[in-house]
$ cat target.cif   # mmCIF, C-alpha atoms and all ligand atoms
data_start
loop_
_atom_site.label_atom_id
_atom_site.label_comp_id
_atom_site.auth_asym_id
_atom_site.auth_seq_id
_atom_site.Cartn_x
_atom_site.Cartn_y
_atom_site.Cartn_z
CA PRO Q 1356 -114.33 111.20 -79.22
CA TYR Q 1357 -112.34 108.24 -78.09
CA VAL Q 1358 -111.74 105.18 -80.21
CA ILE Q 1359 -110.96 101.55 -79.46
CA GLY Q 1360 -108.14 100.34 -81.64
CA LYS Q 1361 -106.56 97.10 -82.78
CA ASP Q 1362 -105.20 95.94 -79.44
CA CYS Q 1363 -108.73 95.26 -78.21
CA VAL Q 1364 -109.31 92.63 -80.91
CA ASP Q 1365 -109.59 89.17 -79.31
CA VAL Q 1366 -108.88 90.65 -75.86
CA ASN Q 1367 -112.17 92.51 -75.29
CA ASP Q 1368 -111.31 92.93 -71.62
CA ARG Q 1369 -114.21 95.32 -70.83
CA ALA Q 1370 -112.50 97.05 -67.90
CA CYS Q 1371 -113.22 100.22 -69.87
CA MET Q 1372 -116.97 99.66 -69.61
CA ASP Q 1373 -116.89 99.69 -65.84
CA VAL Q 1374 -115.45 103.20 -65.66
CA CYS Q 1375 -117.41 104.92 -68.42
CA PRO Q 1376 -119.77 107.42 -66.77
CA VAL Q 1377 -122.21 107.40 -69.67
CA ASP Q 1378 -122.08 103.65 -70.45
CA CYS Q 1379 -121.30 104.24 -74.11
CA ILE Q 1380 -118.90 101.34 -74.74
CA TYR Q 1381 -120.69 98.58 -76.64
CA VAL Q 1382 -119.46 95.00 -76.71
CA GLY Q 1383 -119.08 93.33 -80.09
CA ASP Q 1384 -117.82 89.84 -80.73
CA ARG Q 1385 -114.04 90.30 -81.04
CA LYS Q 1386 -113.76 93.86 -79.68
CA SER Q 1387 -115.76 96.71 -78.21
CA TYR Q 1388 -116.75 100.02 -79.75
CA ILE Q 1389 -117.27 103.52 -78.31
CA ASN Q 1390 -120.38 105.35 -79.44
CA ALA Q 1391 -119.13 108.75 -80.59
CA ALA Q 1392 -122.58 110.31 -80.27
CA GLU Q 1393 -122.73 109.37 -76.58
CA CYS Q 1394 -119.06 109.67 -75.46
CA ILE Q 1395 -118.41 112.82 -73.42
CA ASP Q 1396 -114.63 112.61 -73.88
CA CYS Q 1397 -113.87 112.07 -70.21
CA GLY Q 1398 -110.92 109.82 -71.01
CA ALA Q 1399 -111.47 107.46 -68.07
CA CYS Q 1400 -111.48 104.42 -70.34
CA GLU Q 1401 -108.14 105.24 -71.93
CA VAL Q 1402 -106.16 104.72 -68.75
CA GLU Q 1403 -108.20 101.70 -67.65
CA CYS Q 1404 -107.58 99.43 -70.64
CA PRO Q 1405 -104.89 96.86 -69.73
CA VAL Q 1406 -103.62 96.67 -73.32
CA GLU Q 1407 -103.81 100.44 -74.02
CA ALA Q 1408 -106.15 99.93 -76.94
CA ILE Q 1409 -107.99 103.25 -76.52
CA PHE Q 1410 -106.93 106.57 -78.05
CA VAL Q 1411 -108.51 109.94 -78.72
CA ASP Q 1412 -109.41 110.41 -82.38
CA ARG Q 1413 -107.27 113.52 -82.92
CA LYS Q 1414 -104.24 111.32 -82.21
CA ALA Q 1415 -105.13 109.23 -85.25
CA ARG Q 1416 -104.19 112.00 -87.69
CA GLY Q 1417 -101.45 110.86 -90.00
CA ASP Q 1418 -101.69 107.29 -88.74
CA SER Q 1419 -103.44 105.23 -91.39
CA GLU Q 1420 -104.02 102.22 -89.20
CA ARG Q 1421 -105.62 104.26 -86.41
CA THR Q 1422 -107.69 106.15 -88.99
CA GLU Q 1423 -109.13 102.85 -90.16
CA PHE Q 1424 -110.29 102.13 -86.63
CA VAL Q 1425 -111.85 105.60 -86.30
CA GLU Q 1426 -113.89 104.93 -89.43
CA ASP Q 1427 -114.64 101.36 -88.47
CA GLN Q 1428 -116.01 102.43 -85.10
CA LYS Q 1429 -118.59 104.59 -86.90
CA ASN Q 1430 -119.51 101.69 -89.16
CA PHE Q 1431 -120.27 99.46 -86.18
CA PHE Q 1432 -123.20 101.63 -85.12
CA ALA Q 1433 -124.63 101.47 -88.63
CA ILE Q 1434 -124.99 97.68 -88.39
CA VAL Q 1435 -128.57 96.41 -88.53
CA LEU Q 1436 -128.83 93.44 -86.18
CA PRO Q 1437 -130.74 90.34 -87.30
CA GLY Q 1438 -134.45 90.80 -86.77
CA ARG Q 1439 -134.19 94.60 -86.44
CA ASP Q 1440 -135.28 97.18 -88.94
CA ALA Q 1441 -132.99 100.01 -87.77
CA PRO Q 1442 -129.25 100.33 -87.18
CA ILE Q 1443 -127.73 100.02 -83.69
CA GLY Q 1444 -127.43 103.81 -83.66
CA ALA Q 1445 -127.16 105.45 -80.22
CA PRO Q 1446 -129.12 103.22 -77.83
CA GLY Q 1447 -128.37 105.35 -74.75
CA GLY Q 1448 -126.57 102.73 -72.66
CA ALA Q 1449 -124.58 99.58 -73.32
CA ARG Q 1450 -125.68 97.62 -70.28
CA LYS Q 1451 -129.32 97.57 -71.21
CA VAL Q 1452 -128.61 96.32 -74.73
CA GLY Q 1453 -126.11 93.69 -73.57
CA GLU Q 1454 -123.43 92.06 -75.66
CA LEU Q 1455 -124.20 92.64 -79.30
CA GLY Q 1456 -122.23 89.64 -80.57
CA VAL Q 1457 -121.41 91.15 -83.94
CA ASP Q 1458 -118.50 93.01 -85.50
CA THR Q 1459 -117.98 95.08 -88.61
CA PRO Q 1460 -116.73 93.16 -91.67
CA PHE Q 1461 -113.34 94.89 -91.15
CA ILE Q 1462 -113.01 93.48 -87.63
CA SER Q 1463 -114.45 90.07 -88.49
CA ALA Q 1464 -111.71 89.70 -91.09
CA TYR Q 1465 -108.99 91.47 -89.07
CA ASP Q 1466 -105.76 89.53 -88.69
CA ALA Q 1467 -104.84 90.32 -85.09
FE1 LIG Q 1501 -111.03 96.40 -75.19
FE2 LIG Q 1501 -109.41 97.42 -73.47
FE3 LIG Q 1501 -111.96 97.85 -73.25
S1 LIG Q 1501 -109.24 95.41 -74.37
S2 LIG Q 1501 -112.93 96.09 -74.16
S3 LIG Q 1501 -110.66 98.52 -74.90
S4 LIG Q 1501 -110.56 97.48 -71.58
FE1 LIG Q 1502 -116.74 106.82 -71.72
FE2 LIG Q 1502 -114.28 106.75 -72.50
FE3 LIG Q 1502 -115.93 108.41 -73.62
S1 LIG Q 1502 -114.99 106.51 -70.43
S2 LIG Q 1502 -117.29 108.94 -71.97
S3 LIG Q 1502 -116.01 106.23 -73.71
S4 LIG Q 1502 -113.83 108.78 -73.17
#

$ encode --input "target.cif" --output "structure tokens" --more "lines below"
Ligand code: F3S
Ligand code: F3S
Amino acid sequence: PYVIGKDCVDVNDRACMDVCPVDCIYVGDRKSYINAAECIDCGACEVECPVEAIFVDRKARGDSERTEFVEDQKNFFAIVLPGRDAPIGAPGGARKVGELGVDTPFISAYDA
């Protein structure tokens, strides 16, 4: 699947969301996150991002910084939002859940 990397942090432009055919890009607080269980690898988002923050995960091999973002993107969907009893998981569409307003601890503390 595709991954949103460091250049999204504090930009969070969301142009990628508009072109995703399966609406699997979820908006956090400082950045957005692609749901790997829902992404169909179309690649439309990669070319749309104005800061080129998106990459395909196989291009993270051997790049420790990118690898951290691959792992972190998984961790985002394991977050349990306040008042919920289950993780974010794979909700089946970002628009209906709206902006989630949270980030992983790694992103919250990330020095962009
Ligand atoms: Fe981020 Fe680029 Fe999308 S800045 S929200 S990955 S368009
Ligand atoms: Fe959507 Fe990008 Fe995957 S446009 S389907 S998140 S490759």

$ axis_aligned_box --input "target.cif" --around "ligand LIG 1502 (chain Q)" --padding-each-side "8 Å" --output "JSON"
{"center_x": -115.6, "center_y": 107.6, "center_z": -72.1, "size_x": 19.5, "size_y": 18.7, "size_z": 19.3}

$ residues_near_ligand --input "target.cif" --ligand "ligand LIG 1501 (chain Q)" --cutoff "10 Å" --atoms "all atoms listed in the file" --output "JSON, numbers by chain"
{"Q": [1358, 1359, 1360, 1361, 1362, 1363, 1364, 1365, 1366, 1367, 1368, 1369, 1370, 1371, 1372, 1373, 1374, 1380, 1381, 1382, 1383, 1385, 1386, 1387, 1388, 1389, 1400, 1401, 1402, 1403, 1404, 1405, 1406, 1407, 1408, 1409, 1410]}

$ residues_near_ligand --input "target.cif" --ligand "ligand LIG 1502 (chain Q)" --cutoff "6 Å" --atoms "all atoms listed in the file" --output "PyMOL selection string"
chain Q and resi 1357+1374-1377+1379-1380+1389+1394-1400

$ atom_distance --input "target.cif" --atom1 "CA of Glu1420 (chain Q)" --atom2 "CA of Glu1454 (chain Q)"
25.8 Å

$ closest_residue --input "target.cif" --among "Q:Ala1445, Q:Ala1415, Q:Leu1455, Q:Ala1464" --to "Ala1433 (chain Q)" --atoms "all atoms listed in the file"
Q:Ala1445

$ atom_distance --input "target.cif" --atom1 "CA of Phe1461 (chain Q)" --atom2 "CA of Asp1378 (chain Q)"
24.1 Å

$ atom_distance --input "target.cif" --atom1 "CA of Pro1460 (chain Q)" --atom2 "CA of Phe1432 (chain Q)"
12.5 Å

$ closest_residue --input "target.cif" --among "Q:Gly1417, Q:Gly1444, Q:Gly1438, Q:Gly1456" --to "Ala1392 (chain Q)" --atoms "only C-alpha atoms"
Q:Gly1444

$ build_atoms --input "target.cif" --residues "region 1370-1403 of chain Q" --atoms "N, CA and C atoms" --output "PDB file, keeping the file's coordinate frame"
ATOM      1  N   ALA Q1370    -112.757  96.212 -69.072  1.00  0.00           N
ATOM      2  CA  ALA Q1370    -112.500  97.050 -67.900  1.00  0.00           C
ATOM      3  C   ALA Q1370    -112.926  98.487 -68.194  1.00  0.00           C
ATOM      4  N   CYS Q1371    -112.833  98.863 -69.451  1.00  0.00           N
ATOM      5  CA  CYS Q1371    -113.220 100.220 -69.870  1.00  0.00           C
ATOM      6  C   CYS Q1371    -114.697 100.483 -69.594  1.00  0.00           C
ATOM      7  N   MET Q1372    -115.522  99.506 -69.813  1.00  0.00           N
ATOM      8  CA  MET Q1372    -116.970  99.660 -69.610  1.00  0.00           C
ATOM      9  C   MET Q1372    -117.304 100.065 -68.184  1.00  0.00           C
ATOM     10  N   ASP Q1373    -116.575  99.472 -67.253  1.00  0.00           N
ATOM     11  CA  ASP Q1373    -116.890  99.690 -65.840  1.00  0.00           C
ATOM     12  C   ASP Q1373    -116.637 101.126 -65.395  1.00  0.00           C
ATOM     13  N   VAL Q1374    -115.776 101.840 -66.101  1.00  0.00           N
ATOM     14  CA  VAL Q1374    -115.450 103.200 -65.660  1.00  0.00           C
ATOM     15  C   VAL Q1374    -116.121 104.276 -66.510  1.00  0.00           C
ATOM     16  N   CYS Q1375    -116.805 103.896 -67.553  1.00  0.00           N
ATOM     17  CA  CYS Q1375    -117.410 104.920 -68.420  1.00  0.00           C
ATOM     18  C   CYS Q1375    -118.657 105.511 -67.757  1.00  0.00           C
ATOM     19  N   PRO Q1376    -118.648 106.820 -67.502  1.00  0.00           N
ATOM     20  CA  PRO Q1376    -119.770 107.420 -66.770  1.00  0.00           C
ATOM     21  C   PRO Q1376    -121.065 107.472 -67.560  1.00  0.00           C
ATOM     22  N   VAL Q1377    -120.979 107.346 -68.869  1.00  0.00           N
ATOM     23  CA  VAL Q1377    -122.210 107.400 -69.670  1.00  0.00           C
ATOM     24  C   VAL Q1377    -122.522 106.055 -70.336  1.00  0.00           C
ATOM     25  N   ASP Q1378    -121.778 105.010 -69.981  1.00  0.00           N
ATOM     26  CA  ASP Q1378    -122.080 103.650 -70.450  1.00  0.00           C
ATOM     27  C   ASP Q1378    -122.202 103.579 -71.978  1.00  0.00           C
ATOM     28  N   CYS Q1379    -121.204 104.163 -72.640  1.00  0.00           N
ATOM     29  CA  CYS Q1379    -121.300 104.240 -74.110  1.00  0.00           C
ATOM     30  C   CYS Q1379    -120.317 103.321 -74.823  1.00  0.00           C
ATOM     31  N   ILE Q1380    -119.814 102.296 -74.115  1.00  0.00           N
ATOM     32  CA  ILE Q1380    -118.900 101.340 -74.740  1.00  0.00           C
ATOM     33  C   ILE Q1380    -119.662 100.034 -74.965  1.00  0.00           C
ATOM     34  N   TYR Q1381    -119.841  99.705 -76.239  1.00  0.00           N
ATOM     35  CA  TYR Q1381    -120.690  98.580 -76.640  1.00  0.00           C
ATOM     36  C   TYR Q1381    -119.835  97.377 -77.018  1.00  0.00           C
ATOM     37  N   VAL Q1382    -120.256  96.219 -76.559  1.00  0.00           N
ATOM     38  CA  VAL Q1382    -119.460  95.000 -76.710  1.00  0.00           C
ATOM     39  C   VAL Q1382    -119.860  94.261 -77.988  1.00  0.00           C
ATOM     40  N   GLY Q1383    -118.874  94.129 -78.882  1.00  0.00           N
ATOM     41  CA  GLY Q1383    -119.080  93.330 -80.090  1.00  0.00           C
ATOM     42  C   GLY Q1383    -118.627  91.907 -79.843  1.00  0.00           C
ATOM     43  N   ASP Q1384    -118.258  91.218 -80.881  1.00  0.00           N
ATOM     44  CA  ASP Q1384    -117.820  89.840 -80.730  1.00  0.00           C
ATOM     45  C   ASP Q1384    -116.330  89.780 -80.402  1.00  0.00           C
ATOM     46  N   ARG Q1385    -115.483  90.359 -81.257  1.00  0.00           N
ATOM     47  CA  ARG Q1385    -114.040  90.300 -81.040  1.00  0.00           C
ATOM     48  C   ARG Q1385    -113.491  91.529 -80.321  1.00  0.00           C
ATOM     49  N   LYS Q1386    -114.222  92.653 -80.357  1.00  0.00           N
ATOM     50  CA  LYS Q1386    -113.760  93.860 -79.680  1.00  0.00           C
ATOM     51  C   LYS Q1386    -114.972  94.667 -79.230  1.00  0.00           C
ATOM     52  N   SER Q1387    -114.689  95.796 -78.598  1.00  0.00           N
ATOM     53  CA  SER Q1387    -115.760  96.710 -78.210  1.00  0.00           C
ATOM     54  C   SER Q1387    -115.611  98.019 -78.959  1.00  0.00           C
ATOM     55  N   TYR Q1388    -116.666  98.813 -78.920  1.00  0.00           N
ATOM     56  CA  TYR Q1388    -116.750 100.020 -79.750  1.00  0.00           C
ATOM     57  C   TYR Q1388    -117.357 101.163 -78.933  1.00  0.00           C
ATOM     58  N   ILE Q1389    -116.750 102.338 -79.017  1.00  0.00           N
ATOM     59  CA  ILE Q1389    -117.270 103.520 -78.310  1.00  0.00           C
ATOM     60  C   ILE Q1389    -118.239 104.260 -79.226  1.00  0.00           C
ATOM     61  N   ASN Q1390    -119.387 104.601 -78.671  1.00  0.00           N
ATOM     62  CA  ASN Q1390    -120.380 105.350 -79.440  1.00  0.00           C
ATOM     63  C   ASN Q1390    -120.031 106.837 -79.399  1.00  0.00           C
ATOM     64  N   ALA Q1391    -119.607 107.368 -80.524  1.00  0.00           N
ATOM     65  CA  ALA Q1391    -119.130 108.750 -80.590  1.00  0.00           C
ATOM     66  C   ALA Q1391    -120.226 109.758 -80.275  1.00  0.00           C
ATOM     67  N   ALA Q1392    -121.469 109.393 -80.535  1.00  0.00           N
ATOM     68  CA  ALA Q1392    -122.580 110.310 -80.270  1.00  0.00           C
ATOM     69  C   ALA Q1392    -122.871 110.399 -78.768  1.00  0.00           C
ATOM     70  N   GLU Q1393    -122.430 109.412 -78.014  1.00  0.00           N
ATOM     71  CA  GLU Q1393    -122.730 109.370 -76.580  1.00  0.00           C
ATOM     72  C   GLU Q1393    -121.510 109.676 -75.708  1.00  0.00           C
ATOM     73  N   CYS Q1394    -120.300 109.449 -76.227  1.00  0.00           N
ATOM     74  CA  CYS Q1394    -119.060 109.670 -75.460  1.00  0.00           C
ATOM     75  C   CYS Q1394    -118.909 111.149 -75.120  1.00  0.00           C
ATOM     76  N   ILE Q1395    -118.582 111.436 -73.851  1.00  0.00           N
ATOM     77  CA  ILE Q1395    -118.410 112.820 -73.420  1.00  0.00           C
ATOM     78  C   ILE Q1395    -116.919 113.181 -73.278  1.00  0.00           C
ATOM     79  N   ASP Q1396    -116.064 112.332 -73.842  1.00  0.00           N
ATOM     80  CA  ASP Q1396    -114.630 112.610 -73.880  1.00  0.00           C
ATOM     81  C   ASP Q1396    -113.983 112.730 -72.501  1.00  0.00           C
ATOM     82  N   CYS Q1397    -114.455 111.943 -71.556  1.00  0.00           N
ATOM     83  CA  CYS Q1397    -113.870 112.070 -70.210  1.00  0.00           C
ATOM     84  C   CYS Q1397    -112.491 111.434 -70.139  1.00  0.00           C
ATOM     85  N   GLY Q1398    -112.233 110.433 -70.975  1.00  0.00           N
ATOM     86  CA  GLY Q1398    -110.920 109.820 -71.010  1.00  0.00           C
ATOM     87  C   GLY Q1398    -110.669 108.748 -69.960  1.00  0.00           C
ATOM     88  N   ALA Q1399    -111.662 108.455 -69.130  1.00  0.00           N
ATOM     89  CA  ALA Q1399    -111.470 107.460 -68.070  1.00  0.00           C
ATOM     90  C   ALA Q1399    -111.120 106.087 -68.627  1.00  0.00           C
ATOM     91  N   CYS Q1400    -111.706 105.739 -69.741  1.00  0.00           N
ATOM     92  CA  CYS Q1400    -111.480 104.420 -70.340  1.00  0.00           C
ATOM     93  C   CYS Q1400    -110.048 104.253 -70.819  1.00  0.00           C
ATOM     94  N   GLU Q1401    -109.476 105.320 -71.318  1.00  0.00           N
ATOM     95  CA  GLU Q1401    -108.140 105.240 -71.930  1.00  0.00           C
ATOM     96  C   GLU Q1401    -107.110 104.693 -70.952  1.00  0.00           C
ATOM     97  N   VAL Q1402    -107.158 105.156 -69.733  1.00  0.00           N
ATOM     98  CA  VAL Q1402    -106.160 104.720 -68.750  1.00  0.00           C
ATOM     99  C   VAL Q1402    -106.510 103.360 -68.148  1.00  0.00           C
ATOM    100  N   GLU Q1403    -107.753 102.940 -68.288  1.00  0.00           N
ATOM    101  CA  GLU Q1403    -108.200 101.700 -67.650  1.00  0.00           C
ATOM    102  C   GLU Q1403    -107.868 100.458 -68.471  1.00  0.00           C
TER     103      GLU Q1403
END
